[in-house]
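Student: What follows is input-v4.pdb, PDB, C-alpha atoms, pLDDT in the B column.
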```pdb
ATOM      1  CA  MET A   1      -5.954  24.944  -5.936  1.00 83.00           C
ATOM      2  CA  ASP A   2      -5.214  28.392  -7.246  1.00 88.00           C
ATOM      3  CA  PRO A   3      -1.675  29.036  -8.564  1.00 87.00           C
ATOM      4  CA  GLN A   4      -0.720  31.450  -5.758  1.00 92.00           C
ATOM      5  CA  THR A   5      -1.640  28.910  -3.060  1.00 90.00           C
ATOM      6  CA  ALA A   6       0.219  26.147  -4.906  1.00 83.00           C
ATOM      7  CA  GLU A   7       3.323  28.334  -5.141  1.00 86.00           C
ATOM      8  CA  ALA A   8       3.159  29.139  -1.425  1.00 90.00           C
ATOM      9  CA  PHE A   9       2.923  25.408  -0.597  1.00 85.00           C
ATOM     10  CA  ARG A  10       6.047  24.743  -2.679  1.00 83.00           C
ATOM     11  CA  HIS A  11       8.040  26.725  -0.099  1.00 83.00           C
ATOM     12  CA  MET A  12       7.108  24.405   2.794  1.00 84.00           C
ATOM     13  CA  PRO A  13      10.156  22.273   3.650  1.00 85.00           C
ATOM     14  CA  TYR A  14       9.763  18.596   4.477  1.00 91.00           C
ATOM     15  CA  GLY A  15      12.058  15.706   5.182  1.00 94.00           C
ATOM     16  CA  ILE A  16      12.171  12.988   2.548  1.00 95.00           C
ATOM     17  CA  TYR A  17      11.333   9.557   3.938  1.00 96.00           C
ATOM     18  CA  VAL A  18      11.030   6.038   2.633  1.00 94.00           C
ATOM     19  CA  LEU A  19       7.831   4.473   3.911  1.00 94.00           C
ATOM     20  CA  ALA A  20       7.875   0.671   3.866  1.00 91.00           C
ATOM     21  CA  THR A  21       5.415  -2.045   4.718  1.00 89.00           C
ATOM     22  CA  LYS A  22       5.302  -5.760   4.130  1.00 85.00           C
ATOM     23  CA  ARG A  23       2.667  -8.270   3.048  1.00 81.00           C
ATOM     24  CA  HIS A  24       3.181 -11.931   2.214  1.00 78.00           C
ATOM     25  CA  GLU A  25       6.964 -11.571   2.498  1.00 74.00           C
ATOM     26  CA  GLN A  26       6.982  -8.812  -0.121  1.00 78.00           C
ATOM     27  CA  THR A  27       8.275  -5.351   0.784  1.00 81.00           C
ATOM     28  CA  TRP A  28       6.384  -2.317  -0.479  1.00 85.00           C
ATOM     29  CA  ALA A  29       8.222   0.995  -0.345  1.00 89.00           C
ATOM     30  CA  MET A  30       7.588   4.539  -1.468  1.00 92.00           C
ATOM     31  CA  ILE A  31       8.761   8.103  -0.916  1.00 93.00           C
ATOM     32  CA  ALA A  32       6.765  10.115   1.613  1.00 94.00           C
ATOM     33  CA  SER A  33       7.344  13.687   2.680  1.00 92.00           C
ATOM     34  CA  TRP A  34       4.189  14.655   4.559  1.00 94.00           C
ATOM     35  CA  VAL A  35       5.339  13.289   7.934  1.00 96.00           C
ATOM     36  CA  SER A  36       5.178  14.769  11.417  1.00 96.00           C
ATOM     37  CA  GLN A  37       5.550  13.817  15.068  1.00 96.00           C
ATOM     38  CA  ILE A  38       2.183  14.468  16.707  1.00 96.00           C
ATOM     39  CA  SER A  39       2.585  13.108  20.263  1.00 96.00           C
ATOM     40  CA  TYR A  40       5.364  12.514  22.741  1.00 96.00           C
ATOM     41  CA  SER A  41       3.520  10.129  25.077  1.00 96.00           C
ATOM     42  CA  PRO A  42       2.703   7.835  23.456  1.00 97.00           C
ATOM     43  CA  PRO A  43       5.150   8.515  20.623  1.00 97.00           C
ATOM     44  CA  LEU A  44       2.980   9.003  17.523  1.00 98.00           C
ATOM     45  CA  LEU A  45       3.859   9.889  13.937  1.00 98.00           C
ATOM     46  CA  LEU A  46       1.501  11.096  11.228  1.00 98.00           C
ATOM     47  CA  VAL A  47       1.974  10.334   7.542  1.00 98.00           C
ATOM     48  CA  ALA A  48      -0.291  11.470   4.698  1.00 97.00           C
ATOM     49  CA  LEU A  49      -0.506   9.331   1.549  1.00 95.00           C
ATOM     50  CA  ARG A  50      -2.399  10.231  -1.611  1.00 93.00           C
ATOM     51  CA  HIS A  51      -5.558   8.124  -1.766  1.00 92.00           C
ATOM     52  CA  ASN A  52      -4.442   6.202  -4.880  1.00 90.00           C
ATOM     53  CA  ARG A  53      -1.210   4.778  -3.420  1.00 89.00           C
ATOM     54  CA  PRO A  54      -1.070   0.967  -3.653  1.00 88.00           C
ATOM     55  CA  ALA A  55       0.689   0.814  -0.263  1.00 90.00           C
ATOM     56  CA  ILE A  56      -2.469   1.981   1.550  1.00 93.00           C
ATOM     57  CA  PRO A  57      -4.328  -1.363   1.587  1.00 93.00           C
ATOM     58  CA  VAL A  58      -1.070  -3.138   2.460  1.00 92.00           C
ATOM     59  CA  ILE A  59      -0.613  -0.905   5.522  1.00 94.00           C
ATOM     60  CA  GLN A  60      -4.255  -1.370   6.466  1.00 95.00           C
ATOM     61  CA  GLU A  61      -3.940  -5.155   6.197  1.00 93.00           C
ATOM     62  CA  SER A  62      -0.574  -5.522   7.926  1.00 91.00           C
ATOM     63  CA  GLY A  63      -1.185  -2.878  10.581  1.00 94.00           C
ATOM     64  CA  PHE A  64       2.451  -1.713  10.390  1.00 94.00           C
ATOM     65  CA  PHE A  65       4.675   0.658   8.472  1.00 95.00           C
ATOM     66  CA  SER A  66       8.174   2.036   8.850  1.00 94.00           C
ATOM     67  CA  LEU A  67       9.525   5.467   8.053  1.00 96.00           C
ATOM     68  CA  ALA A  68      13.172   6.142   7.297  1.00 95.00           C
ATOM     69  CA  LEU A  69      14.515   9.679   7.047  1.00 96.00           C
ATOM     70  CA  LEU A  70      17.017   9.760   4.206  1.00 96.00           C
ATOM     71  CA  LYS A  71      20.435  11.382   4.458  1.00 96.00           C
ATOM     72  CA  ARG A  72      21.461  14.011   1.915  1.00 95.00           C
ATOM     73  CA  VAL A  73      23.953  11.546   0.462  1.00 95.00           C
ATOM     74  CA  GLN A  74      21.063   9.145  -0.240  1.00 94.00           C
ATOM     75  CA  LYS A  75      19.448  11.325  -2.946  1.00 93.00           C
ATOM     76  CA  LYS A  76      19.848   8.403  -5.353  1.00 91.00           C
ATOM     77  CA  PHE A  77      17.140   6.521  -3.418  1.00 89.00           C
ATOM     78  CA  VAL A  78      14.404   9.008  -4.344  1.00 91.00           C
ATOM     79  CA  PRO A  79      13.906   7.799  -7.955  1.00 89.00           C
ATOM     80  CA  LEU A  80      14.184   4.170  -6.820  1.00 87.00           C
ATOM     81  CA  PHE A  81      11.309   4.511  -4.359  1.00 86.00           C
ATOM     82  CA  LYS A  82       9.300   7.185  -6.177  1.00 81.00           C
ATOM     83  CA  HIS A  83       6.783   4.736  -7.610  1.00 71.00           C
ATOM     84  CA  PRO A  84       4.768   3.121  -4.806  1.00 58.00           C
ATOM     85  CA  ILE A  85       4.694  -0.467  -6.008  1.00 59.00           C
ATOM     86  CA  ALA A  86       5.884  -3.781  -4.656  1.00 58.00           C
ATOM     87  CA  GLN A  87       9.494  -4.130  -5.694  1.00 63.00           C
ATOM     88  CA  PRO A  88      11.131  -7.445  -4.827  1.00 63.00           C
ATOM     89  CA  MET A  89      14.529  -6.147  -5.970  1.00 60.00           C
ATOM     90  CA  ILE A  90      14.516  -3.400  -3.337  1.00 70.00           C
ATOM     91  CA  GLU A  91      14.581  -5.838  -0.436  1.00 67.00           C
ATOM     92  CA  GLU A  92      18.393  -5.659  -0.520  1.00 76.00           C
ATOM     93  CA  PHE A  93      18.050  -2.143   0.936  1.00 82.00           C
ATOM     94  CA  PHE A  94      16.076  -3.270   3.991  1.00 80.00           C
ATOM     95  CA  ILE A  95      16.660  -5.026   7.292  1.00 78.00           C
ATOM     96  CA  ASP A  96      13.890  -7.553   7.798  1.00 74.00           C
ATOM     97  CA  ASN A  97      12.148  -6.792  11.047  1.00 66.00           C
ATOM     98  CA  LYS A  98       9.912  -9.823  11.581  1.00 65.00           C
ATOM     99  CA  LYS A  99       9.296  -8.961  15.234  1.00 66.00           C
ATOM    100  CA  GLU A 100       7.656  -5.616  14.514  1.00 64.00           C
ATOM    101  CA  GLY A 101       5.995  -6.126  11.154  1.00 72.00           C
ATOM    102  CA  ALA A 102       7.768  -3.630   8.884  1.00 82.00           C
ATOM    103  CA  PRO A 103      11.323  -3.564   7.527  1.00 83.00           C
ATOM    104  CA  TYR A 104      13.932  -0.887   8.315  1.00 81.00           C
ATOM    105  CA  LEU A 105      15.773   0.877   5.505  1.00 86.00           C
ATOM    106  CA  LYS A 106      19.502   0.274   5.947  1.00 85.00           C
ATOM    107  CA  ASP A 107      21.700   3.237   6.909  1.00 89.00           C
ATOM    108  CA  ALA A 108      18.963   5.882   7.113  1.00 94.00           C
ATOM    109  CA  LEU A 109      19.513   8.922   9.327  1.00 95.00           C
ATOM    110  CA  ALA A 110      16.627   7.795  11.540  1.00 95.00           C
ATOM    111  CA  SER A 111      13.996   5.057  11.283  1.00 94.00           C
ATOM    112  CA  TRP A 112      10.770   4.268  13.077  1.00 95.00           C
ATOM    113  CA  VAL A 113       8.585   1.173  12.984  1.00 94.00           C
ATOM    114  CA  CYS A 114       4.972   2.005  13.766  1.00 95.00           C
ATOM    115  CA  SER A 115       1.817   0.070  14.414  1.00 95.00           C
ATOM    116  CA  VAL A 116      -1.248   1.714  12.944  1.00 97.00           C
ATOM    117  CA  TRP A 117      -2.992   3.670  15.712  1.00 97.00           C
ATOM    118  CA  SER A 118      -5.680   4.957  13.359  1.00 97.00           C
ATOM    119  CA  SER A 119      -6.268   6.030   9.791  1.00 97.00           C
ATOM    120  CA  PHE A 120      -8.824   8.145   8.053  1.00 95.00           C
ATOM    121  CA  PRO A 121      -9.407   9.851   4.715  1.00 96.00           C
ATOM    122  CA  VAL A 122      -8.836  13.602   4.555  1.00 96.00           C
ATOM    123  CA  GLY A 123      -9.407  15.347   1.239  1.00 94.00           C
ATOM    124  CA  ASP A 124      -7.480  13.459  -1.427  1.00 93.00           C
ATOM    125  CA  HIS A 125      -5.138  11.771   1.079  1.00 95.00           C
ATOM    126  CA  VAL A 126      -5.318   9.101   3.759  1.00 97.00           C
ATOM    127  CA  LEU A 127      -3.784   9.952   7.121  1.00 98.00           C
ATOM    128  CA  PHE A 128      -2.076   7.194   9.076  1.00 98.00           C
ATOM    129  CA  ILE A 129      -1.241   7.745  12.706  1.00 98.00           C
ATOM    130  CA  GLY A 130       1.398   5.276  13.814  1.00 97.00           C
ATOM    131  CA  GLU A 131       2.512   4.438  17.321  1.00 97.00           C
ATOM    132  CA  VAL A 132       6.276   4.023  17.401  1.00 96.00           C
ATOM    133  CA  GLN A 133       7.220   0.468  18.370  1.00 94.00           C
ATOM    134  CA  SER A 134      10.946   0.895  17.847  1.00 91.00           C
ATOM    135  CA  ALA A 135      13.383   3.403  16.400  1.00 92.00           C
ATOM    136  CA  LEU A 136      16.966   3.670  15.224  1.00 89.00           C
ATOM    137  CA  SER A 137      19.102   6.782  15.027  1.00 91.00           C
ATOM    138  CA  ASN A 138      22.281   7.291  13.016  1.00 83.00           C
ATOM    139  CA  ARG A 139      23.925  10.515  14.172  1.00 76.00           C
ATOM    140  CA  ARG A 140      26.126  10.783  11.082  1.00 87.00           C
ATOM    141  CA  GLY A 141      24.807  12.844   8.209  1.00 92.00           C
ATOM    142  CA  GLU A 142      22.356  15.585   7.373  1.00 94.00           C
ATOM    143  CA  PRO A 143      18.676  14.985   6.608  1.00 95.00           C
ATOM    144  CA  LEU A 144      17.547  15.037   3.002  1.00 95.00           C
ATOM    145  CA  THR A 145      14.828  17.666   2.716  1.00 91.00           C
ATOM    146  CA  THR A 146      12.683  18.807  -0.153  1.00 90.00           C
ATOM    147  CA  ALA A 147      14.672  22.057  -0.193  1.00 88.00           C
ATOM    148  CA  ALA A 148      17.998  20.178  -0.427  1.00 89.00           C
ATOM    149  CA  TYR A 149      16.572  17.868  -3.106  1.00 88.00           C
ATOM    150  CA  GLY A 150      15.299  20.822  -5.133  1.00 84.00           C
ATOM    151  CA  LYS A 151      11.743  19.497  -5.481  1.00 80.00           C
ATOM    152  CA  THR A 152       8.657  19.494  -3.338  1.00 76.00           C
ATOM    153  CA  TYR A 153       5.404  17.578  -3.159  1.00 74.00           C
ATOM    154  CA  ILE A 154       2.188  19.562  -2.911  1.00 70.00           C
ATOM    155  CA  GLY A 155      -0.188  16.632  -3.425  1.00 70.00           C
ATOM    156  CA  GLN A 156      -0.762  16.709  -7.168  1.00 64.00           C
ATOM    157  CA  SER A 157       0.583  13.313  -8.203  1.00 58.00           C
TER     158      SER A 157
END
```
Using the file provided, produce a representation of the structure as structure tokens.
Tutor:
Amino acid sequence: MDPQTAEAFRHMPYGIYVLATKRHEQTWAMIASWVSQISYSPPLLLVALRHNRPAIPVIQESGFFSLALLKRVQKKFVPLFKHPIAQPMIEEFFIDNKKEGAPYLKDALASWVCSVWSSFPVGDHVLFIGEVQSALSNRRGEPLTTAAYGKTYIGQS
């Protein structure tokens, strides 16, 4: 990507989410920012993950993932979930959701549990389309965005 295009992409604001999935009673969690609602009926969300993320085969195997929109006051979670690996010690931050296959992050601004509707590779990312199975909303707080965090993801890492 040429430098001018990369700089333009750095101005695109995104919410900062924690994506979580579970396999063999182990929670996998990572930061995701390329997220969008893509359908109202049925309710569908799209998330793009770089092709090398270890969570991808876990999502494909389990068929579920959750997304939790962080609050501005939860900036401290970004470094904790920045590396997409299985982290047994992070399970204290989640509500186990055995019924729907993926855990909820506690006290997020909003959370969605999705079953995988479809997935496909696009460029250097894998797109997951998830059908919302359940959602939670916490009306207190402001969303943490890439602009508020002071960093953005343009797909290089």
Student: To test your reading of the syntax: which residues would the PyMOL selection byres ((chain A and resi 58-71) around 8) return for the file shown? Reply as a PyMOL selection string.
Tutor: chain A and resi 15-23+54-57+72-75+100-105+108-116+130+141-144
Student: Which residues would end up in the selection if the PyMOL selection byres ((chain A and resi 4-14) around 6) were applied here, given that I need the answer as a ChimeraX atom specification?
Tutor: /A:2-3,15,33,145-147,152
Student: Check the smallest atom-to-atom distance from each of A:Lys106, A:Arg140, A:His51, A:His24 to Ser119 in chain A using all atoms listed in the file, then report the winner.
Tutor: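 The shortest atom-to-atom distance to Ser119 in chain A comes from A:His51.
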Student: Might I get the box with edges along x, y and z of the file that holds all atoms of range 26-37 of chain A listed there, padded by 5 Å on every side, given as centre and edge lengths in Å to one decimal, as JSON?
Tutor:
```
{"center_x": 6.5, "center_y": 3.0, "center_z": 6.8, "size_x": 14.6, "size_y": 33.6, "size_z": 26.5}
```
Student: Figure out the distance between CA of Ala135 in chain A and CA of Lys76 in chain A, please, to one decimal in Å.
Tutor: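 Calculated distance between CA of Lys76 in chain A and CA of Ala135 in chain A is 23.2 Å.
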Student: Go through the shown structure with the PyMOL selection byres ((chain A and resi 35-48) around 7) and write out the matching residues as a list in words.
Tutor: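 When the PyMOL selection byres ((chain A and resi 35-48) around 7) is applied, the selected residues are Ser33, Trp34, Leu49, Arg50, His125, Val126, Leu127, Phe128, Ile129, Gly130, Glu131 and Val132 of chain A.
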Student: Can you write range 9-40 of chain A from the block above with N, CA and C atoms, as a PDB file, in the first residue's frame?
Tutor:
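Output file selection-v1.pdb is given in full below:
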```
ATOM      1  N   PHE A   9      -6.181   5.821   5.359  1.00  0.00           N
ATOM      2  CA  PHE A   9      -6.855   4.775   6.141  1.00  0.00           C
ATOM      3  C   PHE A   9      -6.725   5.021   7.647  1.00  0.00           C
ATOM      4  N   ARG A  10      -5.640   5.630   8.069  1.00  0.00           N
ATOM      5  CA  ARG A  10      -5.445   5.892   9.503  1.00  0.00           C
ATOM      6  C   ARG A  10      -6.497   6.857  10.063  1.00  0.00           C
ATOM      7  N   HIS A  11      -7.173   7.587   9.202  1.00  0.00           N
ATOM      8  CA  HIS A  11      -8.205   8.521   9.650  1.00  0.00           C
ATOM      9  C   HIS A  11      -9.578   7.870   9.788  1.00  0.00           C
ATOM     10  N   MET A  12      -9.722   6.615   9.383  1.00  0.00           N
ATOM     11  CA  MET A  12     -11.030   5.948   9.491  1.00  0.00           C
ATOM     12  C   MET A  12     -11.262   5.532  10.945  1.00  0.00           C
ATOM     13  N   PRO A  13     -12.322   6.026  11.572  1.00  0.00           N
ATOM     14  CA  PRO A  13     -12.587   5.662  12.964  1.00  0.00           C
ATOM     15  C   PRO A  13     -13.304   4.316  13.071  1.00  0.00           C
ATOM     16  N   TYR A  14     -12.959   3.568  14.079  1.00  0.00           N
ATOM     17  CA  TYR A  14     -13.583   2.281  14.355  1.00  0.00           C
ATOM     18  C   TYR A  14     -13.799   2.152  15.852  1.00  0.00           C
ATOM     19  N   GLY A  15     -14.778   1.358  16.222  1.00  0.00           N
ATOM     20  CA  GLY A  15     -14.904   0.963  17.615  1.00  0.00           C
ATOM     21  C   GLY A  15     -13.827  -0.057  17.926  1.00  0.00           C
ATOM     22  N   ILE A  16     -13.492  -0.184  19.195  1.00  0.00           N
ATOM     23  CA  ILE A  16     -12.535  -1.209  19.617  1.00  0.00           C
ATOM     24  C   ILE A  16     -13.312  -2.271  20.384  1.00  0.00           C
ATOM     25  N   TYR A  17     -13.215  -3.492  19.899  1.00  0.00           N
ATOM     26  CA  TYR A  17     -13.981  -4.630  20.400  1.00  0.00           C
ATOM     27  C   TYR A  17     -13.040  -5.703  20.930  1.00  0.00           C
ATOM     28  N   VAL A  18     -13.557  -6.508  21.840  1.00  0.00           N
ATOM     29  CA  VAL A  18     -12.893  -7.751  22.204  1.00  0.00           C
ATOM     30  C   VAL A  18     -13.702  -8.858  21.556  1.00  0.00           C
ATOM     31  N   LEU A  19     -13.051  -9.613  20.686  1.00  0.00           N
ATOM     32  CA  LEU A  19     -13.659 -10.787  20.078  1.00  0.00           C
ATOM     33  C   LEU A  19     -13.249 -11.984  20.920  1.00  0.00           C
ATOM     34  N   ALA A  20     -14.200 -12.831  21.264  1.00  0.00           N
ATOM     35  CA  ALA A  20     -13.890 -14.017  22.070  1.00  0.00           C
ATOM     36  C   ALA A  20     -14.548 -15.243  21.450  1.00  0.00           C
ATOM     37  N   THR A  21     -13.910 -16.359  21.651  1.00  0.00           N
ATOM     38  CA  THR A  21     -14.457 -17.642  21.236  1.00  0.00           C
ATOM     39  C   THR A  21     -13.956 -18.673  22.237  1.00  0.00           C
ATOM     40  N   LYS A  22     -14.478 -19.857  22.159  1.00  0.00           N
ATOM     41  CA  LYS A  22     -14.120 -20.859  23.158  1.00  0.00           C
ATOM     42  C   LYS A  22     -13.980 -22.216  22.494  1.00  0.00           C
ATOM     43  N   ARG A  23     -12.948 -22.953  22.909  1.00  0.00           N
ATOM     44  CA  ARG A  23     -12.744 -24.326  22.451  1.00  0.00           C
ATOM     45  C   ARG A  23     -12.175 -25.116  23.607  1.00  0.00           C
ATOM     46  N   HIS A  24     -12.756 -26.279  23.846  1.00  0.00           N
ATOM     47  CA  HIS A  24     -12.281 -27.166  24.917  1.00  0.00           C
ATOM     48  C   HIS A  24     -12.151 -26.428  26.248  1.00  0.00           C
ATOM     49  N   GLU A  25     -13.176 -25.664  26.583  1.00  0.00           N
ATOM     50  CA  GLU A  25     -13.239 -24.918  27.842  1.00  0.00           C
ATOM     51  C   GLU A  25     -12.170 -23.845  27.978  1.00  0.00           C
ATOM     52  N   GLN A  26     -11.486 -23.505  26.906  1.00  0.00           N
ATOM     53  CA  GLN A  26     -10.482 -22.451  26.958  1.00  0.00           C
ATOM     54  C   GLN A  26     -10.966 -21.259  26.131  1.00  0.00           C
ATOM     55  N   THR A  27     -10.936 -20.083  26.753  1.00  0.00           N
ATOM     56  CA  THR A  27     -11.367 -18.854  26.091  1.00  0.00           C
ATOM     57  C   THR A  27     -10.209 -18.269  25.293  1.00  0.00           C
ATOM     58  N   TRP A  28     -10.502 -17.889  24.068  1.00  0.00           N
ATOM     59  CA  TRP A  28      -9.564 -17.185  23.203  1.00  0.00           C
ATOM     60  C   TRP A  28     -10.124 -15.782  23.006  1.00  0.00           C
ATOM     61  N   ALA A  29      -9.314 -14.776  23.163  1.00  0.00           N
ATOM     62  CA  ALA A  29      -9.805 -13.406  23.019  1.00  0.00           C
ATOM     63  C   ALA A  29      -8.755 -12.543  22.338  1.00  0.00           C
ATOM     64  N   MET A  30      -9.234 -11.568  21.603  1.00  0.00           N
ATOM     65  CA  MET A  30      -8.338 -10.657  20.895  1.00  0.00           C
ATOM     66  C   MET A  30      -9.059  -9.351  20.613  1.00  0.00           C
ATOM     67  N   ILE A  31      -8.291  -8.310  20.354  1.00  0.00           N
ATOM     68  CA  ILE A  31      -8.847  -7.022  19.944  1.00  0.00           C
ATOM     69  C   ILE A  31      -9.223  -7.103  18.471  1.00  0.00           C
ATOM     70  N   ALA A  32     -10.371  -6.544  18.141  1.00  0.00           N
ATOM     71  CA  ALA A  32     -10.812  -6.420  16.749  1.00  0.00           C
ATOM     72  C   ALA A  32     -11.385  -5.019  16.576  1.00  0.00           C
ATOM     73  N   SER A  33     -11.124  -4.423  15.442  1.00  0.00           N
ATOM     74  CA  SER A  33     -11.715  -3.103  15.196  1.00  0.00           C
ATOM     75  C   SER A  33     -12.450  -3.040  13.859  1.00  0.00           C
ATOM     76  N   TRP A  34     -12.193  -3.972  12.974  1.00  0.00           N
ATOM     77  CA  TRP A  34     -12.899  -3.969  11.694  1.00  0.00           C
ATOM     78  C   TRP A  34     -14.198  -4.750  11.862  1.00  0.00           C
ATOM     79  N   VAL A  35     -15.221  -4.082  12.366  1.00  0.00           N
ATOM     80  CA  VAL A  35     -16.517  -4.670  12.694  1.00  0.00           C
ATOM     81  C   VAL A  35     -17.612  -3.781  12.135  1.00  0.00           C
ATOM     82  N   SER A  36     -18.681  -4.400  11.628  1.00  0.00           N
ATOM     83  CA  SER A  36     -19.797  -3.614  11.119  1.00  0.00           C
ATOM     84  C   SER A  36     -21.087  -4.433  11.147  1.00  0.00           C
ATOM     85  N   GLN A  37     -22.195  -3.758  11.401  1.00  0.00           N
ATOM     86  CA  GLN A  37     -23.510  -4.371  11.202  1.00  0.00           C
ATOM     87  C   GLN A  37     -23.748  -4.390   9.698  1.00  0.00           C
ATOM     88  N   ILE A  38     -24.224  -5.534   9.178  1.00  0.00           N
ATOM     89  CA  ILE A  38     -24.442  -5.609   7.731  1.00  0.00           C
ATOM     90  C   ILE A  38     -25.866  -6.021   7.358  1.00  0.00           C
ATOM     91  N   SER A  39     -26.702  -6.353   8.346  1.00  0.00           N
ATOM     92  CA  SER A  39     -28.097  -6.697   8.067  1.00  0.00           C
ATOM     93  C   SER A  39     -28.921  -6.472   9.319  1.00  0.00           C
ATOM     94  N   TYR A  40     -30.150  -6.044   9.104  1.00  0.00           N
ATOM     95  CA  TYR A  40     -31.086  -5.865  10.210  1.00  0.00           C
ATOM     96  C   TYR A  40     -31.906  -7.138  10.422  1.00  0.00           C
TER      97      TYR A  40
END
```
